[in-house]
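Chemist: Here it is: the structure, laid out below.
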Amino acid sequence: VTGTEGRVAGRVAAMRPSMLRELVAAAGTRPLLTLAGGVPPPEAFPFDALADAAGQLLASGDAGVLQYAPTEGDPGLVDLLVADVERRVGITGAGGRVVVTAGSQQALDLVAKVLLDPGDVAVVECPTYVGALRAIAAYEPRIVGVPVDADGMDVDALSQMLDDGLRPKLCYVVANFSNPSGATLSAKRRCRLAALGAEHGFLVIEDDPYGQLRFRGEDVPAIAAEDGADVLYLGSFSKTVAPGLRVGYAVAPPWLVRPLVVAKQATDLTSSSFNQRLVAALLETPGWLDRHVTGLRRLYGERASALAVAMDTHLAGRLAPNRPDGGMFTWAAITDGPVDAVTLAAACMAHDVAIVPGTEFAVDGGFERDVRLSFSVLSPAELDEAMRRVAAAFDELLG
Ligand SMILES: Cc1ncc(COP(=O)(O)O)c(C=O)c1O
């Protein structure tokens, strides 16, 4: 952020703008095929179910639908969430530990606000979700990245850092189908991470917006379900219902509930009562969410496969993708020529296709030869055309 010297706080100077915004300005003339954002496509939105629920809520004349809700969340929704995280995630005793938030993004801001003094250490998996990096960085900690491999965060590397004297206050992971790497943290590493948190006194933040979107393999038990784990579990309805509702939630360890609630009071008093009631209405309808999510898994599974086939057809030897078991992202290494990811993304944009360079997800540099591709938005035919355009961008760069 420039041109604001002396007017805005020092921490603003360190805030990085989104590279994607700048790339979009360089788009060509055809409709843009975007693999940039991890967003649901319009066909994933449950318009009818939401219209029914909204009509009924407003017709009910119940003032609670439009009144301020308790900061912790609408009591009806909170009860449903307590039951849902027990059934689905294996978190027992969540009563009194739930805080409904404006998406999990708000929970990330709140937890960073209540835990971090300037100079404290925050550990993140690396590459990591940019929104988490930005939320955490605003409180001026020292952010330390731990490398990720096919089994998620390298917990042995973290253990070594702890042995070498690192004293983090928190450790952020997306254990299921991570953004951006697509990797899933192995069961063994989850246990180990929970144990390291307990032993060294840091909070594990388990951000799980994608866990329900598994299209291959078996669920892995949540870190928050480990006995004695000091974990902040974050859930969201952004990817399973609609991000525009801005309904997410945190299940916090008992000591952290009150600070989060007090911080949220200062931020926005409460999340939207109406939207919380909408989500509650969907959760209350027997079998509705399970059916809806089954459809989403099929949709994203088909698209992930279509992207893999398209990359194999058009980009073999140029991009080496991984094979996520769920979620919305494939991470791919550039394997051809002296091409870096930022240059490739810019060349792709000139061919009207948007991908994100790996550098966006870095803590201290790196990922110059990696890119993130989201398969959530485009149809199989569009994914094929998009990879054809990426191949044309490569042809141009390599002469
Ligand atoms: C890993 C991760 N966490 C959190 C979020 C924010 O989601 P929400 O809409 O719930 O704020 C996203 C959104 O893309 C995400 O990918």
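Chain lettering (A, B, ...) mirrors the order of the structure tokens, residue numbering begins at 1 for each chain separately, and ligand numbering begins at 1 in order of display.
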Apply DSSP to the backbone of this structure and, from segment 98-217 of chain A, keep only the residues in alpha helix (DSSP H); write these as number ranges by chain.
Modeler: A: 103-115, 130-137, 155-163, 187-200
Chemist: Might you pull out every residue within 7 Å of segment 135-141 of chain A, with only C-alpha atoms counted and same-chain residues fewer than 4 positions away left off, and present them as number ranges by chain?
Modeler: A: 11, 108-109, 112-113, 116-122, 131
Chemist: Write a file of the just-selected residues containing N, CA and C atoms, as an mmCIF file, in the first residue's frame.
Modeler:
data_model
loop_
_atom_site.group_PDB
_atom_site.id
_atom_site.type_symbol
_atom_site.label_atom_id
_atom_site.label_comp_id
_atom_site.auth_asym_id
_atom_site.auth_seq_id
_atom_site.Cartn_x
_atom_site.Cartn_y
_atom_site.Cartn_z
ATOM 1 N N ARG A 11 1.651 -0.964 10.281
ATOM 2 C CA ARG A 11 1.386 -2.335 9.870
ATOM 3 C C ARG A 11 0.763 -2.408 8.476
ATOM 4 N N LEU A 108 -10.301 -16.276 11.887
ATOM 5 C CA LEU A 108 -8.836 -16.147 11.779
ATOM 6 C C LEU A 108 -8.381 -14.779 12.298
ATOM 7 N N ASP A 109 -9.119 -13.749 11.921
ATOM 8 C CA ASP A 109 -8.772 -12.406 12.411
ATOM 9 C C ASP A 109 -8.912 -12.343 13.935
ATOM 10 N N ALA A 112 -6.172 -14.309 15.837
ATOM 11 C CA ALA A 112 -4.878 -13.619 15.760
ATOM 12 C C ALA A 112 -4.894 -12.389 16.671
ATOM 13 N N LYS A 113 -6.027 -11.702 16.677
ATOM 14 C CA LYS A 113 -6.156 -10.492 17.509
ATOM 15 C C LYS A 113 -6.014 -10.825 18.991
ATOM 16 N N LEU A 116 -2.005 -12.749 19.570
ATOM 17 C CA LEU A 116 -0.680 -12.307 19.132
ATOM 18 C C LEU A 116 -0.345 -10.881 19.540
ATOM 19 N N ASP A 117 0.753 -10.745 20.259
ATOM 20 C CA ASP A 117 1.376 -9.436 20.426
ATOM 21 C C ASP A 117 2.439 -9.302 19.339
ATOM 22 N N PRO A 118 2.784 -8.044 18.972
ATOM 23 C CA PRO A 118 3.833 -7.880 17.959
ATOM 24 C C PRO A 118 5.086 -8.659 18.355
ATOM 25 N N GLY A 119 5.647 -9.374 17.388
ATOM 26 C CA GLY A 119 6.881 -10.130 17.641
ATOM 27 C C GLY A 119 6.656 -11.546 18.119
ATOM 28 N N ASP A 120 5.438 -11.896 18.533
ATOM 29 C CA ASP A 120 5.147 -13.295 18.868
ATOM 30 C C ASP A 120 5.336 -14.165 17.621
ATOM 31 N N VAL A 121 5.477 -15.454 17.842
ATOM 32 C CA VAL A 121 5.692 -16.362 16.707
ATOM 33 C C VAL A 121 4.381 -17.057 16.336
ATOM 34 N N ALA A 122 4.056 -16.998 15.055
ATOM 35 C CA ALA A 122 2.913 -17.739 14.508
ATOM 36 C C ALA A 122 3.460 -18.689 13.452
ATOM 37 N N GLY A 131 -5.402 -15.733 2.826
ATOM 38 C CA GLY A 131 -6.285 -15.009 3.746
ATOM 39 C C GLY A 131 -5.843 -15.184 5.191
#
Chemist: Tell me which protein, DNA and RNA residues are within 10 Å of Leu269 of chain A, counting only C-alpha atoms, leaving out same-chain ones fewer than 2 positions away, and put them as a count of residues only.
Modeler: 14
Chemist: Going by DSSP on the backbone, which bits of segment 197-327 of chain A are strand (DSSP E)? Write them as a compact mmCIF listing (two decimals) with all heavy atoms, in the first residue's frame, please.
Modeler:
# COMPACT_ATOMS: atom_id res chain seq x y z
N LEU A 203 -1.49 -23.09 20.42
CA LEU A 203 -2.81 -23.45 19.93
C LEU A 203 -2.70 -23.94 18.49
O LEU A 203 -2.07 -23.28 17.65
CB LEU A 203 -3.71 -22.21 19.96
CG LEU A 203 -5.14 -22.43 19.46
CD1 LEU A 203 -5.97 -23.17 20.51
CD2 LEU A 203 -5.80 -21.10 19.10
N VAL A 204 -3.31 -25.08 18.21
CA VAL A 204 -3.40 -25.54 16.81
C VAL A 204 -4.70 -24.98 16.24
O VAL A 204 -5.77 -25.15 16.84
CB VAL A 204 -3.41 -27.08 16.73
CG1 VAL A 204 -3.62 -27.54 15.29
CG2 VAL A 204 -2.11 -27.65 17.29
N ILE A 205 -4.60 -24.28 15.11
CA ILE A 205 -5.81 -23.80 14.42
C ILE A 205 -6.06 -24.74 13.25
O ILE A 205 -5.26 -24.81 12.31
CB ILE A 205 -5.63 -22.35 13.92
CG1 ILE A 205 -5.29 -21.43 15.09
CG2 ILE A 205 -6.91 -21.89 13.21
CD1 ILE A 205 -5.00 -19.99 14.67
N GLU A 206 -7.14 -25.48 13.34
CA GLU A 206 -7.49 -26.46 12.29
C GLU A 206 -8.62 -25.85 11.46
O GLU A 206 -9.78 -25.86 11.86
CB GLU A 206 -7.96 -27.77 12.96
CG GLU A 206 -8.32 -28.86 11.96
CD GLU A 206 -8.70 -30.17 12.65
OE1 GLU A 206 -9.11 -30.16 13.83
OE2 GLU A 206 -8.60 -31.22 11.99
N ASP A 207 -8.25 -25.30 10.32
CA ASP A 207 -9.20 -24.59 9.46
C ASP A 207 -9.74 -25.61 8.45
O ASP A 207 -8.98 -26.18 7.68
CB ASP A 207 -8.43 -23.45 8.76
CG ASP A 207 -9.33 -22.54 7.94
OD1 ASP A 207 -10.56 -22.63 8.07
OD2 ASP A 207 -8.78 -21.74 7.16
N VAL A 231 -7.10 -27.25 20.50
CA VAL A 231 -7.29 -26.95 19.08
C VAL A 231 -8.46 -26.00 18.91
O VAL A 231 -9.51 -26.14 19.54
CB VAL A 231 -7.60 -28.26 18.29
CG1 VAL A 231 -7.88 -27.97 16.83
CG2 VAL A 231 -6.44 -29.25 18.40
N LEU A 232 -8.28 -25.02 18.02
CA LEU A 232 -9.39 -24.19 17.57
C LEU A 232 -9.82 -24.76 16.23
O LEU A 232 -9.07 -24.71 15.24
CB LEU A 232 -8.93 -22.74 17.40
CG LEU A 232 -10.03 -21.77 16.93
CD1 LEU A 232 -11.03 -21.50 18.05
CD2 LEU A 232 -9.42 -20.45 16.45
N TYR A 233 -11.02 -25.34 16.20
CA TYR A 233 -11.53 -25.92 14.95
C TYR A 233 -12.41 -24.89 14.25
O TYR A 233 -13.31 -24.30 14.86
CB TYR A 233 -12.36 -27.18 15.26
CG TYR A 233 -12.97 -27.80 14.02
CD1 TYR A 233 -12.24 -28.70 13.24
CD2 TYR A 233 -14.26 -27.47 13.62
CE1 TYR A 233 -12.79 -29.25 12.08
CE2 TYR A 233 -14.81 -28.01 12.46
CZ TYR A 233 -14.07 -28.90 11.70
OH TYR A 233 -14.61 -29.43 10.55
N LEU A 234 -12.15 -24.65 12.96
CA LEU A 234 -12.93 -23.66 12.20
C LEU A 234 -13.72 -24.35 11.10
O LEU A 234 -13.16 -25.08 10.28
CB LEU A 234 -12.02 -22.61 11.57
CG LEU A 234 -11.08 -21.85 12.51
CD1 LEU A 234 -10.32 -20.78 11.73
CD2 LEU A 234 -11.86 -21.21 13.66
N GLY A 235 -15.03 -24.14 11.12
CA GLY A 235 -15.90 -24.66 10.06
C GLY A 235 -16.54 -23.50 9.31
O GLY A 235 -16.54 -22.36 9.80
N SER A 236 -17.07 -23.80 8.12
CA SER A 236 -17.66 -22.74 7.31
C SER A 236 -18.74 -23.31 6.41
O SER A 236 -18.63 -24.44 5.95
CB SER A 236 -16.57 -22.11 6.44
OG SER A 236 -17.14 -21.16 5.55
N GLY A 248 -19.84 -18.91 9.31
CA GLY A 248 -18.83 -19.89 9.69
C GLY A 248 -18.88 -20.02 11.21
O GLY A 248 -19.72 -19.39 11.86
N TYR A 249 -17.99 -20.83 11.76
CA TYR A 249 -18.01 -20.98 13.22
C TYR A 249 -16.67 -21.50 13.71
O TYR A 249 -15.90 -22.10 12.95
CB TYR A 249 -19.13 -21.94 13.65
CG TYR A 249 -19.01 -23.32 13.06
CD1 TYR A 249 -18.35 -24.33 13.73
CD2 TYR A 249 -19.54 -23.60 11.82
CE1 TYR A 249 -18.22 -25.58 13.17
CE2 TYR A 249 -19.42 -24.85 11.26
CZ TYR A 249 -18.76 -25.84 11.93
OH TYR A 249 -18.61 -27.08 11.36
N ALA A 250 -16.42 -21.21 14.98
CA ALA A 250 -15.23 -21.74 15.64
C ALA A 250 -15.69 -22.61 16.80
O ALA A 250 -16.67 -22.29 17.48
CB ALA A 250 -14.40 -20.58 16.18
N VAL A 251 -15.00 -23.75 17.01
CA VAL A 251 -15.17 -24.52 18.25
C VAL A 251 -13.85 -24.35 18.99
O VAL A 251 -12.79 -24.81 18.53
CB VAL A 251 -15.45 -26.01 17.99
CG1 VAL A 251 -15.74 -26.72 19.31
CG2 VAL A 251 -16.62 -26.18 17.02
N LEU A 319 3.68 -29.12 -16.89
CA LEU A 319 3.16 -28.92 -15.54
C LEU A 319 2.93 -30.30 -14.93
O LEU A 319 2.30 -31.16 -15.55
CB LEU A 319 1.82 -28.18 -15.57
CG LEU A 319 1.83 -26.68 -15.78
CD1 LEU A 319 0.39 -26.14 -15.73
CD2 LEU A 319 2.69 -25.96 -14.74
N ALA A 320 3.43 -30.51 -13.71
CA ALA A 320 3.24 -31.78 -13.00
C ALA A 320 2.27 -31.54 -11.85
O ALA A 320 2.64 -30.99 -10.82
CB ALA A 320 4.57 -32.30 -12.49
N PRO A 321 0.99 -31.92 -12.03
CA PRO A 321 0.00 -31.67 -10.98
C PRO A 321 0.00 -32.75 -9.91
O PRO A 321 0.39 -33.89 -10.18
CB PRO A 321 -1.33 -31.71 -11.74
CG PRO A 321 -1.09 -32.63 -12.90
CD PRO A 321 0.39 -32.55 -13.22
Chemist: Give me the chain A side of the contact with ligand 1, cut-off 10 Å, one line per residue showing its nearest atom pair and distance in Å at one decimal, counting only C-alpha atoms and all ligand atoms, sorted by chain and residue number, as a Markdown table.
Modeler:
| residue | atom | partner | partner_atom_place_in_ligand_line | distance |
| --- | --- | --- | --- | --- |
| A:Gly37 | CA | ligand 1 | 14 (O) | 7.6 |
| A:Gly38 | CA | ligand 1 | 14 (O) | 5.5 |
| A:Val39 | CA | ligand 1 | 14 (O) | 6.9 |
| A:Pro40 | CA | ligand 1 | 14 (O) | 9.9 |
| A:Thr101 | CA | ligand 1 | 10 (O) | 8.4 |
| A:Ala102 | CA | ligand 1 | 11 (O) | 6.5 |
| A:Gly103 | CA | ligand 1 | 10 (O) | 3.4 |
| A:Ser104 | CA | ligand 1 | 10 (O) | 3.8 |
| A:Gln105 | CA | ligand 1 | 11 (O) | 3.7 |
| A:Gln106 | CA | ligand 1 | 11 (O) | 6.3 |
| A:Ala107 | CA | ligand 1 | 11 (O) | 8.0 |
| A:Leu108 | CA | ligand 1 | 4 (C) | 7.9 |
| A:Thr128 | CA | ligand 1 | 1 (C) | 8.0 |
| A:Tyr129 | CA | ligand 1 | 1 (C) | 5.4 |
| A:Val130 | CA | ligand 1 | 16 (O) | 8.2 |
| A:Gly131 | CA | ligand 1 | 5 (C) | 6.7 |
| A:Ala132 | CA | ligand 1 | 3 (N) | 6.9 |
| A:Tyr172 | CA | ligand 1 | 1 (C) | 9.8 |
| A:Val173 | CA | ligand 1 | 1 (C) | 8.3 |
| A:Val174 | CA | ligand 1 | 1 (C) | 5.8 |
| A:Ala175 | CA | ligand 1 | 1 (C) | 9.2 |
| A:Asn176 | CA | ligand 1 | 1 (C) | 9.1 |
| A:Phe177 | CA | ligand 1 | 1 (C) | 8.9 |
| A:Ser178 | CA | ligand 1 | 1 (C) | 6.4 |
| A:Asn179 | CA | ligand 1 | 1 (C) | 5.2 |
| A:Pro180 | CA | ligand 1 | 16 (O) | 7.7 |
| A:Glu206 | CA | ligand 1 | 1 (C) | 9.4 |
| A:Asp207 | CA | ligand 1 | 3 (N) | 5.8 |
| A:Asp208 | CA | ligand 1 | 1 (C) | 6.8 |
| A:Pro209 | CA | ligand 1 | 3 (N) | 5.9 |
| A:Tyr210 | CA | ligand 1 | 1 (C) | 7.6 |
| A:Leu234 | CA | ligand 1 | 3 (N) | 8.3 |
| A:Gly235 | CA | ligand 1 | 10 (O) | 7.2 |
| A:Ser236 | CA | ligand 1 | 10 (O) | 4.6 |
| A:Phe237 | CA | ligand 1 | 10 (O) | 6.5 |
| A:Ser238 | CA | ligand 1 | 9 (O) | 4.7 |
| A:Lys239 | CA | ligand 1 | 9 (O) | 7.4 |
| A:Thr240 | CA | ligand 1 | 10 (O) | 10.0 |
| A:Ala242 | CA | ligand 1 | 9 (O) | 8.3 |
| A:Pro243 | CA | ligand 1 | 9 (O) | 5.1 |
| A:Gly244 | CA | ligand 1 | 9 (O) | 7.8 |
| A:Leu245 | CA | ligand 1 | 9 (O) | 8.6 |
| A:Arg246 | CA | ligand 1 | 9 (O) | 6.1 |
| A:Val247 | CA | ligand 1 | 10 (O) | 6.8 |
| A:Gly248 | CA | ligand 1 | 10 (O) | 5.3 |
| A:Tyr249 | CA | ligand 1 | 10 (O) | 8.3 |
| A:Gly327 | CA | ligand 1 | 16 (O) | 9.3 |
| A:Met328 | CA | ligand 1 | 16 (O) | 8.9 |
| A:Phe329 | CA | ligand 1 | 16 (O) | 9.5 |
Chemist: Could you write those residues out with N, CA and C atoms, as a short mmCIF file (atom, residue, chain, number, x, y, z; two decimals), in the first residue's frame?
Modeler:
data_model
loop_
_atom_site.label_atom_id
_atom_site.label_comp_id
_atom_site.auth_asym_id
_atom_site.auth_seq_id
_atom_site.Cartn_x
_atom_site.Cartn_y
_atom_site.Cartn_z
N GLY A 37 -9.91 -18.58 -8.39
CA GLY A 37 -10.54 -18.50 -7.08
C GLY A 37 -11.07 -19.84 -6.61
N GLY A 38 -11.00 -20.07 -5.30
CA GLY A 38 -11.60 -21.29 -4.74
C GLY A 38 -13.03 -20.99 -4.36
N VAL A 39 -13.88 -20.84 -5.38
CA VAL A 39 -15.27 -20.45 -5.09
C VAL A 39 -16.24 -21.45 -5.71
N PRO A 40 -17.41 -21.61 -5.11
CA PRO A 40 -18.39 -22.50 -5.73
C PRO A 40 -18.92 -21.87 -7.02
N THR A 101 -19.19 -17.12 13.40
CA THR A 101 -18.39 -16.00 12.88
C THR A 101 -18.83 -15.67 11.45
N ALA A 102 -18.42 -14.50 10.98
CA ALA A 102 -18.71 -14.09 9.60
C ALA A 102 -17.72 -14.81 8.69
N GLY A 103 -18.01 -16.08 8.40
CA GLY A 103 -17.06 -16.92 7.66
C GLY A 103 -15.91 -17.30 8.57
N SER A 104 -15.11 -18.29 8.13
CA SER A 104 -13.96 -18.62 8.99
C SER A 104 -12.91 -17.53 8.91
N GLN A 105 -12.99 -16.68 7.87
CA GLN A 105 -12.03 -15.58 7.78
C GLN A 105 -12.09 -14.70 9.03
N GLN A 106 -13.30 -14.44 9.51
CA GLN A 106 -13.40 -13.61 10.72
C GLN A 106 -12.79 -14.32 11.93
N ALA A 107 -12.99 -15.63 12.00
CA ALA A 107 -12.41 -16.36 13.13
C ALA A 107 -10.88 -16.25 13.10
N LEU A 108 -10.30 -16.28 11.89
CA LEU A 108 -8.84 -16.15 11.78
C LEU A 108 -8.38 -14.78 12.30
N THR A 128 0.68 -21.56 2.16
CA THR A 128 -0.52 -21.46 3.00
C THR A 128 -1.56 -20.54 2.39
N TYR A 129 -2.77 -20.64 2.95
CA TYR A 129 -3.91 -19.83 2.52
C TYR A 129 -3.59 -18.35 2.72
N VAL A 130 -3.67 -17.59 1.66
CA VAL A 130 -3.28 -16.17 1.74
C VAL A 130 -4.14 -15.37 2.72
N GLY A 131 -5.40 -15.73 2.83
CA GLY A 131 -6.29 -15.01 3.75
C GLY A 131 -5.84 -15.18 5.19
N ALA A 132 -5.32 -16.37 5.52
CA ALA A 132 -4.80 -16.59 6.87
C ALA A 132 -3.54 -15.77 7.08
N TYR A 172 -1.09 -22.78 12.36
CA TYR A 172 -2.25 -22.80 11.45
C TYR A 172 -2.09 -23.89 10.39
N VAL A 173 -3.11 -24.75 10.30
CA VAL A 173 -3.11 -25.78 9.22
C VAL A 173 -4.51 -25.93 8.63
N VAL A 174 -4.52 -26.26 7.34
CA VAL A 174 -5.75 -26.70 6.66
C VAL A 174 -5.52 -28.19 6.43
N ALA A 175 -6.09 -29.02 7.33
CA ALA A 175 -5.71 -30.44 7.35
C ALA A 175 -6.32 -31.23 6.19
N ASN A 176 -7.48 -30.79 5.70
CA ASN A 176 -8.13 -31.50 4.60
C ASN A 176 -8.05 -30.70 3.30
N PHE A 177 -7.40 -31.29 2.27
CA PHE A 177 -7.38 -30.71 0.91
C PHE A 177 -7.01 -29.24 0.99
N SER A 178 -5.80 -29.01 1.42
CA SER A 178 -5.39 -27.66 1.80
C SER A 178 -5.47 -26.69 0.62
N ASN A 179 -5.66 -25.46 0.96
CA ASN A 179 -5.53 -24.35 0.05
C ASN A 179 -4.18 -23.72 0.35
N PRO A 180 -3.21 -23.75 -0.55
CA PRO A 180 -3.33 -24.07 -1.97
C PRO A 180 -2.88 -25.48 -2.36
N GLU A 206 -7.14 -25.48 13.34
CA GLU A 206 -7.49 -26.46 12.29
C GLU A 206 -8.62 -25.85 11.46
N ASP A 207 -8.25 -25.30 10.32
CA ASP A 207 -9.20 -24.59 9.46
C ASP A 207 -9.74 -25.61 8.45
N ASP A 208 -11.05 -25.84 8.49
CA ASP A 208 -11.60 -26.98 7.73
C ASP A 208 -12.78 -26.62 6.82
N PRO A 209 -12.57 -25.68 5.90
CA PRO A 209 -13.72 -25.35 5.04
C PRO A 209 -14.02 -26.39 3.97
N TYR A 210 -13.04 -27.29 3.72
CA TYR A 210 -13.18 -28.21 2.58
C TYR A 210 -13.44 -29.65 2.99
N LEU A 234 -12.15 -24.65 12.96
CA LEU A 234 -12.93 -23.66 12.20
C LEU A 234 -13.72 -24.35 11.10
N GLY A 235 -15.03 -24.14 11.12
CA GLY A 235 -15.90 -24.66 10.06
C GLY A 235 -16.54 -23.50 9.31
N SER A 236 -17.07 -23.80 8.12
CA SER A 236 -17.66 -22.74 7.31
C SER A 236 -18.74 -23.31 6.41
N PHE A 237 -19.77 -22.52 6.17
CA PHE A 237 -20.79 -22.91 5.19
C PHE A 237 -20.53 -22.27 3.83
N SER A 238 -19.35 -21.65 3.68
CA SER A 238 -19.06 -20.96 2.42
C SER A 238 -18.94 -21.94 1.26
N LYS A 239 -18.33 -23.08 1.49
CA LYS A 239 -18.10 -24.00 0.38
C LYS A 239 -19.20 -25.05 0.28
N THR A 240 -19.97 -25.23 1.35
CA THR A 240 -21.02 -26.25 1.32
C THR A 240 -22.41 -25.66 1.07
N ALA A 242 -23.11 -21.43 0.67
CA ALA A 242 -22.83 -20.25 -0.16
C ALA A 242 -21.97 -19.26 0.63
N PRO A 243 -20.89 -18.77 0.01
CA PRO A 243 -20.01 -17.84 0.73
C PRO A 243 -20.66 -16.50 1.02
N GLY A 244 -21.64 -16.12 0.20
CA GLY A 244 -22.29 -14.82 0.40
C GLY A 244 -23.09 -14.74 1.69
N LEU A 245 -23.40 -15.89 2.30
CA LEU A 245 -24.12 -15.84 3.58
C LEU A 245 -23.21 -15.39 4.71
N ARG A 246 -21.89 -15.62 4.54
CA ARG A 246 -20.90 -15.31 5.58
C ARG A 246 -21.26 -15.96 6.91
N VAL A 247 -21.47 -17.26 6.88
CA VAL A 247 -21.70 -17.99 8.13
C VAL A 247 -20.61 -19.06 8.28
N GLY A 248 -19.84 -18.91 9.31
CA GLY A 248 -18.83 -19.89 9.69
C GLY A 248 -18.88 -20.02 11.21
N TYR A 249 -17.99 -20.83 11.76
CA TYR A 249 -18.01 -20.98 13.22
C TYR A 249 -16.67 -21.50 13.71
N GLY A 327 -11.82 -31.14 -2.06
CA GLY A 327 -11.59 -29.70 -2.08
C GLY A 327 -11.72 -29.12 -3.47
N MET A 328 -10.96 -28.06 -3.71
CA MET A 328 -11.11 -27.29 -4.95
C MET A 328 -9.80 -27.03 -5.70
N PHE A 329 -8.66 -27.55 -5.14
CA PHE A 329 -7.37 -27.10 -5.68
C PHE A 329 -6.43 -28.24 -6.10
#
Chemist: I'd like the neighbourhood of Arg167 of chain A as a PDB file with C-alpha atoms, in the first residue's frame, where a residue qualifies if any of its atoms comes within 12 Å (using only C-alpha atoms), though same-chain residues fewer than 5 positions away should be ignored.
Modeler:
ATOM      1  CA  GLY A 119       6.881 -10.130  17.641  1.00  0.00           C
ATOM      2  CA  ASP A 120       5.147 -13.295  18.868  1.00  0.00           C
ATOM      3  CA  VAL A 121       5.692 -16.362  16.707  1.00  0.00           C
ATOM      4  CA  ALA A 122       2.913 -17.739  14.508  1.00  0.00           C
ATOM      5  CA  VAL A 123       3.601 -20.981  12.631  1.00  0.00           C
ATOM      6  CA  ARG A 142       6.973 -13.236  13.253  1.00  0.00           C
ATOM      7  CA  ILE A 143       5.409 -15.738  10.831  1.00  0.00           C
ATOM      8  CA  VAL A 144       7.372 -18.963  10.424  1.00  0.00           C
ATOM      9  CA  LEU A 158       8.116 -28.423  13.126  1.00  0.00           C
ATOM     10  CA  SER A 159       9.237 -30.673  15.966  1.00  0.00           C
ATOM     11  CA  GLN A 160      12.861 -29.942  15.077  1.00  0.00           C
ATOM     12  CA  MET A 161      12.159 -26.190  15.094  1.00  0.00           C
ATOM     13  CA  LEU A 162      10.581 -26.536  18.540  1.00  0.00           C
ATOM     14  CA  LEU A 196       3.292 -31.041  20.122  1.00  0.00           C
ATOM     15  CA  GLY A 197       0.734 -28.291  20.753  1.00  0.00           C
ATOM     16  CA  GLU A 199       3.561 -30.216  25.067  1.00  0.00           C
ATOM     17  CA  HIS A 200       4.802 -26.795  23.926  1.00  0.00           C
ATOM     18  CA  GLY A 201       1.719 -24.771  24.834  1.00  0.00           C
ATOM     19  CA  PHE A 202       0.665 -23.484  21.424  1.00  0.00           C
ATOM     20  CA  LEU A 203      -2.813 -23.447  19.929  1.00  0.00           C
TER      21      LEU A 203
END
Chemist: Can you pull out the residues contacting Ala308 of chain A? Cut-off 9 Å, using only C-alpha atoms, and skip same-chain residues under 2 positions away; I want them as a list in words.
Modeler: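 Counting only the stated atoms, we get Arg303, Ala304, Ser305, Ala306, Ala310, Met311, Asp312, Thr313, Pro321, Asn322, Arg323 and Thr330 of chain A.
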Chemist: For N, CA and C atoms, I'd like the residues from the last selection saved as an mmCIF file, in the first residue's frame.
Modeler:
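File written: out.cif
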data_model
loop_
_atom_site.group_PDB
_atom_site.id
_atom_site.type_symbol
_atom_site.label_atom_id
_atom_site.label_comp_id
_atom_site.auth_asym_id
_atom_site.auth_seq_id
_atom_site.Cartn_x
_atom_site.Cartn_y
_atom_site.Cartn_z
ATOM 1 N N ARG A 303 -14.873 -32.603 -11.886
ATOM 2 C CA ARG A 303 -14.049 -31.501 -12.391
ATOM 3 C C ARG A 303 -12.565 -31.740 -12.113
ATOM 4 N N ALA A 304 -12.268 -32.299 -10.942
ATOM 5 C CA ALA A 304 -10.856 -32.607 -10.632
ATOM 6 C C ALA A 304 -10.317 -33.607 -11.651
ATOM 7 N N SER A 305 -11.127 -34.625 -11.986
ATOM 8 C CA SER A 305 -10.674 -35.619 -12.967
ATOM 9 C C SER A 305 -10.527 -34.983 -14.345
ATOM 10 N N ALA A 306 -11.483 -34.133 -14.703
ATOM 11 C CA ALA A 306 -11.415 -33.488 -16.022
ATOM 12 C C ALA A 306 -10.165 -32.618 -16.125
ATOM 13 N N ALA A 310 -7.165 -33.069 -18.781
ATOM 14 C CA ALA A 310 -6.809 -31.949 -19.664
ATOM 15 C C ALA A 310 -5.335 -31.583 -19.513
ATOM 16 N N MET A 311 -4.819 -31.646 -18.278
ATOM 17 C CA MET A 311 -3.398 -31.307 -18.069
ATOM 18 C C MET A 311 -2.518 -32.374 -18.697
ATOM 19 N N ASP A 312 -2.942 -33.612 -18.575
ATOM 20 C CA ASP A 312 -2.191 -34.710 -19.174
ATOM 21 C C ASP A 312 -2.172 -34.563 -20.698
ATOM 22 N N THR A 313 -3.318 -34.193 -21.258
ATOM 23 C CA THR A 313 -3.434 -34.074 -22.716
ATOM 24 C C THR A 313 -2.608 -32.905 -23.252
ATOM 25 N N PRO A 321 0.987 -31.924 -12.026
ATOM 26 C CA PRO A 321 0.000 -31.669 -10.980
ATOM 27 C C PRO A 321 0.000 -32.748 -9.911
ATOM 28 N N ASN A 322 -0.461 -32.408 -8.701
ATOM 29 C CA ASN A 322 -0.719 -33.447 -7.704
ATOM 30 C C ASN A 322 -2.154 -33.940 -7.878
ATOM 31 N N ARG A 323 -2.586 -34.856 -7.000
ATOM 32 C CA ARG A 323 -3.894 -35.477 -7.183
ATOM 33 C C ARG A 323 -4.651 -35.375 -5.860
ATOM 34 N N THR A 330 -5.781 -27.993 -7.231
ATOM 35 C CA THR A 330 -4.632 -28.806 -7.646
ATOM 36 C C THR A 330 -3.414 -27.891 -7.616
#
Chemist: Hey, what's within 8 Å of Gly301 of chain A if we count only C-alpha atoms and toss same-chain stuff fewer than 3 positions away? As a PyMOL selection string, please?
Modeler: chain A and resi 215-216+297-298+304-305+326
Chemist: Restricting the calculation to only C-alpha atoms, which member of A:Thr359, A:Gln276, A:Thr294, A:Thr92 is positioned closest to Pro75 of chain A?
Modeler: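 Comparing A:Thr359, A:Gln276, A:Thr294, A:Thr92 against Pro75 of chain A, the winner is A:Gln276.
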Chemist: Determine, counting only C-alpha atoms, which protein, DNA and RNA residues have an atom within 8 Å of an atom of Leu282 of chain A; residues of the same chain fewer than 5 positions away are not included. Present the result as a VMD selection string.
Modeler: chain A and resid 49 to 50 53 288 to 289
Chemist: Using only C-alpha atoms for the distances, tell me which of A:Ala183, A:Val100, A:Ala54, A:Leu397 is nearest to Ala332 of chain A.
Modeler: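 Ranked by minimum distance to Ala332 of chain A, first place goes to A:Ala183.
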